[in-house]
Every structure is written in C-alpha cells, then in structure tokens.
>>> print(open('my_file02.cif').read())   # mmCIF, C-alpha atoms
data_start
loop_
_atom_site.label_atom_id
_atom_site.label_comp_id
_atom_site.auth_asym_id
_atom_site.auth_seq_id
_atom_site.Cartn_x
_atom_site.Cartn_y
_atom_site.Cartn_z
CA MET G 270 170.77 27.57 256.17
CA SER G 271 170.79 31.26 255.54
CA THR G 272 172.51 32.51 252.44
CA SER G 273 175.77 34.41 252.64
CA LEU G 274 175.44 37.73 250.84
CA THR G 275 179.20 38.06 250.43
CA ASP G 276 179.59 35.26 247.86
CA SER G 277 178.31 36.53 244.51
CA THR G 278 178.89 33.08 242.95
CA ASN G 279 176.34 31.56 245.32
CA ARG G 280 173.31 33.75 244.63
CA LEU G 281 170.97 30.75 244.26
CA ALA G 282 171.78 29.26 247.67
CA TRP G 283 168.39 30.45 248.96
CA LEU G 284 166.84 27.65 246.89
CA LEU G 285 168.43 25.15 249.26
CA ASP G 286 166.90 26.63 252.43
CA ASP G 287 164.08 24.03 252.34
CA LEU G 288 166.69 21.40 253.14
CA GLU G 289 167.50 22.92 256.53
CA LEU G 290 166.65 19.77 258.44
CA ASP G 291 168.10 17.87 261.38
CA GLY G 292 170.72 15.49 260.03
CA VAL G 293 171.41 17.36 256.78
CA ARG G 294 175.05 18.41 256.64
CA PHE G 295 174.76 20.41 253.40
CA ALA G 296 173.16 20.55 249.97
CA VAL G 297 174.67 21.36 246.58
CA LEU G 298 172.90 22.23 243.35
CA LEU G 299 175.06 21.19 240.41
CA SER G 300 175.04 20.85 236.66
CA ASP G 301 174.90 17.39 235.14
CA ASP G 302 178.52 17.80 234.06
CA GLY G 303 179.72 18.47 237.63
CA LEU G 304 179.82 22.24 238.03
CA ARG G 305 178.58 23.80 241.27
CA VAL G 306 175.57 26.05 240.77
CA ALA G 307 174.82 26.79 244.45
CA HIS G 308 175.62 25.40 247.88
CA SER G 309 174.27 25.68 251.39
CA PRO G 310 176.33 27.33 254.16
CA GLY G 311 177.26 23.91 255.61
CA ILE G 312 180.06 23.54 253.05
CA SER G 313 182.74 25.85 251.66
CA LYS G 314 182.75 26.87 248.00
CA ASP G 315 185.89 24.79 247.30
CA GLU G 316 184.45 21.71 248.99
CA ALA G 317 181.12 22.22 247.18
CA GLU G 318 182.96 22.26 243.86
CA ARG G 319 184.73 19.01 244.77
CA PHE G 320 181.43 17.49 245.90
CA ALA G 321 179.76 18.56 242.63
CA ALA G 322 182.45 16.88 240.54
CA ALA G 323 182.28 13.66 242.57
CA ALA G 324 178.46 13.63 242.58
CA SER G 325 178.42 13.97 238.80
CA GLY G 326 180.85 11.05 238.56
CA LEU G 327 178.67 8.93 240.83
CA ARG G 328 175.66 9.81 238.68
CA SER G 329 177.56 8.69 235.58
CA LEU G 330 178.36 5.35 237.21
CA GLY G 331 174.67 4.93 237.98
CA LYS G 332 173.85 5.53 234.31
CA ALA G 333 176.41 2.91 233.28
CA LEU G 334 174.78 0.34 235.57
CA GLY G 335 171.23 1.08 234.40
CA GLU G 336 171.26 -1.65 231.77
CA PHE G 337 171.47 -4.24 234.54
CA CYS G 338 168.11 -3.04 235.91
CA GLY G 339 166.14 -3.37 232.71
CA GLY G 340 167.98 -2.25 229.61
CA PHE G 341 170.15 0.38 227.97
CA ALA G 342 167.42 3.06 227.96
CA ASN G 343 166.91 2.71 231.72
CA THR G 344 167.43 6.13 233.32
CA VAL G 345 168.73 6.94 236.79
CA ARG G 346 166.16 8.52 239.10
CA GLN G 347 168.21 8.81 242.28
CA ASN G 348 171.53 7.74 243.70
CA MET G 349 171.85 6.86 247.36
CA THR G 350 175.12 5.81 248.95
CA GLU G 351 175.25 4.88 252.62
CA TYR G 352 178.40 5.30 254.72
CA ASP G 353 179.13 4.57 258.38
CA GLU G 354 178.53 8.21 259.32
CA GLY G 355 175.86 9.30 256.83
CA MET G 356 174.47 9.21 253.33
CA ILE G 357 174.90 10.94 249.99
CA LEU G 358 171.69 11.43 248.02
CA ILE G 359 171.61 12.69 244.44
CA THR G 360 168.51 13.34 242.36
CA ALA G 361 167.73 14.98 239.03
CA ALA G 362 166.44 18.53 239.40
CA GLY G 363 165.45 19.49 235.87
CA ALA G 364 167.18 19.19 232.53
CA GLY G 365 170.92 19.34 233.12
CA THR G 366 170.67 19.95 236.87
CA LEU G 367 171.22 17.71 239.90
CA LEU G 368 170.65 18.13 243.62
CA GLY G 369 173.08 16.48 246.04
CA VAL G 370 172.66 16.22 249.80
CA ALA G 371 175.00 14.88 252.50
CA THR G 372 173.49 13.70 255.77
CA THR G 373 174.51 12.35 259.14
CA ALA G 374 173.72 8.75 260.07
CA ASP G 375 170.85 9.92 262.29
CA VAL G 376 168.50 11.47 259.73
CA ASP G 377 164.84 11.14 258.79
CA LEU G 378 165.55 9.78 255.32
CA GLY G 379 161.89 9.89 254.25
CA LEU G 380 161.60 13.58 255.11
CA VAL G 381 164.86 14.46 253.38
CA ALA G 382 163.89 12.52 250.24
CA HIS G 383 160.47 14.20 250.21
CA ARG G 384 161.98 17.69 250.53
CA MET G 385 164.57 16.86 247.86
CA ASN G 386 161.91 15.74 245.42
CA ASP G 387 159.80 18.85 246.07
CA LEU G 388 162.83 21.07 245.61
CA ALA G 389 163.97 19.19 242.50
CA GLU G 390 160.57 19.73 240.91
CA ARG G 391 160.65 23.45 241.72
CA VAL G 392 164.24 23.84 240.52
CA GLY G 393 163.36 21.97 237.33
CA ARG G 394 160.58 24.45 236.59
CA GLU G 395 162.64 27.51 237.49
CA LEU G 396 166.14 26.67 236.30
CA GLY G 397 165.85 23.71 233.94
CA ALA G 398 168.01 24.22 230.90
CA ALA G 399 167.76 22.47 227.56
CA PRO G 400 170.46 19.83 227.08
CA ARG G 401 173.50 21.20 225.25
CA ARG G 402 173.48 18.46 222.65
CA ASP G 403 170.05 19.54 221.36
CA GLU G 404 171.32 23.10 220.87
CA PHE G 405 174.40 21.69 219.12
CA ARG G 406 172.25 19.61 216.75
CA ARG G 407 170.11 22.63 215.87
CA ALA G 408 173.24 24.64 215.15
CA GLU G 409 174.59 21.83 212.92
CA THR G 410 171.39 21.56 210.89
CA SER G 411 171.24 25.31 210.30
CA LEU G 412 174.76 25.33 208.77
#
>>> encode(input="my_file02.cif", output="structure tokens")
Amino acid sequence: MSTSLTDSTNRLAWLLDDLELDGVRFAVLLSDDGLRVAHSPGISKDEAERFAAAASGLRSLGKALGEFCGGFANTVRQNMTEYDEGMILITAAGAGTLLGVATTADVDLGLVAHRMNDLAERVGRELGAAPRRDEFRRAETSL
C-alpha cells in the first residue's frame, strides 16, 4: 500500500502501510466525528470519505448499545461486522481518532486485528488529540 504523492490531503497514508496484508481491501484513519484523516490506496478519496462517515455512525450505534453489555459507562473497544464477502473492523486509535479496515472473506482475522491494535496504539501516541468538549469547557470557564 504505497502512498500516492499526488494527493496532498492524504499525507498520513504511510501510517496505514502496516496493514498491507492478504485479504485487506483498504484501511481508513478517521476522526471520531466521521472525517477522513488518511486512506490507503485501495480506496478512492471520495469512497474513503463515505466510509469514514458510515464507520463513525456504526461506532455511535455501538456506543448506544453499550448499556446492554454492562451499563451506561460501558465503552466500545472495537466494532466488527461480518458480511458474505468480508468484514468491517473499527477500533479506537487515540483520543478522537478511529481506524477502520475492510477485508475480504478469506482473511487472517487474528493477524489483521493484531496489526490494527499495534497501529492504533502508535497512532494514539503520535496523533491523539484532546477531545473538543474539554477544550470547550476550558474556554467557558475562562470567560
């Protein structure tokens, strides 16, 4: 998954190179609110933006269902949706950042999940941003 140098809006795509695995269609790094941050060459920019919006929505649904697995404060660690021809995996990758991957049906799920978790940890250290609401609260209290 080499990075295209012609797309200046995709400068962080090199972060996704670790997910160049058999059975991985593409990977998208996105903000928690559904904006594409970077995408692998396996998907166009427009499709990556659509994927980011949908992945964020799926993540929100997972949050809404968390109470049924232990209570209202129960947080989502990962989303995994299986289809006839593949899977969609979404995991947190630092404050305000998510990592989404689409696979084929014939994929080493353990390897992909392991690489995703390693990458999510690295992205969290490198790109993690403070949640916007905390910045908003600080601005309110200083007024």
>>> closest_residue(input="my_file02.cif", among="G:Gly303, G:Gly379, G:Gly335, G:Gly292", to="Phe320 in chain G", atoms="all atoms listed in the file")
G:Gly303
>>> resolve_selection(input="my_file02.cif", expression="the PyMOL selection byres ((chain G and resi 380) around 12)", output="PyMOL selection string")
chain G and resi 287-293+372+376-379+381-387
>>> write_last_selection(input="my_file02.cif", atoms="C-alpha atoms", output="mmCIF file, keeping the file's coordinate frame")
data_model
loop_
_atom_site.group_PDB
_atom_site.id
_atom_site.type_symbol
_atom_site.label_atom_id
_atom_site.label_comp_id
_atom_site.auth_asym_id
_atom_site.auth_seq_id
_atom_site.Cartn_x
_atom_site.Cartn_y
_atom_site.Cartn_z
ATOM 1 C CA ASP G 287 164.080 24.030 252.340
ATOM 2 C CA LEU G 288 166.690 21.400 253.140
ATOM 3 C CA GLU G 289 167.500 22.920 256.530
ATOM 4 C CA LEU G 290 166.650 19.770 258.440
ATOM 5 C CA ASP G 291 168.100 17.870 261.380
ATOM 6 C CA GLY G 292 170.720 15.490 260.030
ATOM 7 C CA VAL G 293 171.410 17.360 256.780
ATOM 8 C CA THR G 372 173.490 13.700 255.770
ATOM 9 C CA VAL G 376 168.500 11.470 259.730
ATOM 10 C CA ASP G 377 164.840 11.140 258.790
ATOM 11 C CA LEU G 378 165.550 9.780 255.320
ATOM 12 C CA GLY G 379 161.890 9.890 254.250
ATOM 13 C CA VAL G 381 164.860 14.460 253.380
ATOM 14 C CA ALA G 382 163.890 12.520 250.240
ATOM 15 C CA HIS G 383 160.470 14.200 250.210
ATOM 16 C CA ARG G 384 161.980 17.690 250.530
ATOM 17 C CA MET G 385 164.570 16.860 247.860
ATOM 18 C CA ASN G 386 161.910 15.740 245.420
ATOM 19 C CA ASP G 387 159.800 18.850 246.070
#
>>> closest_residue(input="my_file02.cif", among="G:Leu367, G:Ala282, G:Leu330, G:Thr344", to="Leu299 in chain G", atoms="only C-alpha atoms")
G:Leu367
>>> atom_distance(input="my_file02.cif", atom1="CA of Ala321 in chain G", atom2="CA of Gly340 in chain G")
27.2 Å
>>> closest_residue(input="my_file02.cif", among="G:Ala342, G:Val392, G:Ala362, G:Val370", to="Ala296 in chain G", atoms="all atoms listed in the file")
G:Val370
>>> atom_distance(input="my_file02.cif", atom1="CA of Arg305 in chain G", atom2="CA of Tyr352 in chain G")
22.9 Å
>>> resolve_selection(input="my_file02.cif", expression="the PyMOL selection byres ((chain G and resi 297) around 6)", output="list in words")
Ala296, Leu298, Ala307, His308, Leu368 and Gly369 of chain G
>>> atom_distance(input="my_file02.cif", atom1="CA of Ala364 in chain G", atom2="CA of Glu316 in chain G")
24.0 Å
>>> closest_residue(input="my_file02.cif", among="G:Gly393, G:Gly355, G:Gly331, G:Gly363", to="Asn343 in chain G", atoms="all atoms listed in the file")
G:Gly331
>>> closest_residue(input="my_file02.cif", among="G:Arg394, G:Ala317, G:Asp301, G:Pro310", to="Thr366 in chain G", atoms="all atoms listed in the file")
G:Asp301
>>> closest_residue(input="my_file02.cif", among="G:Arg391, G:Lys332, G:Arg294, G:Arg280", to="Ile357 in chain G", atoms="all atoms listed in the file")
G:Arg294
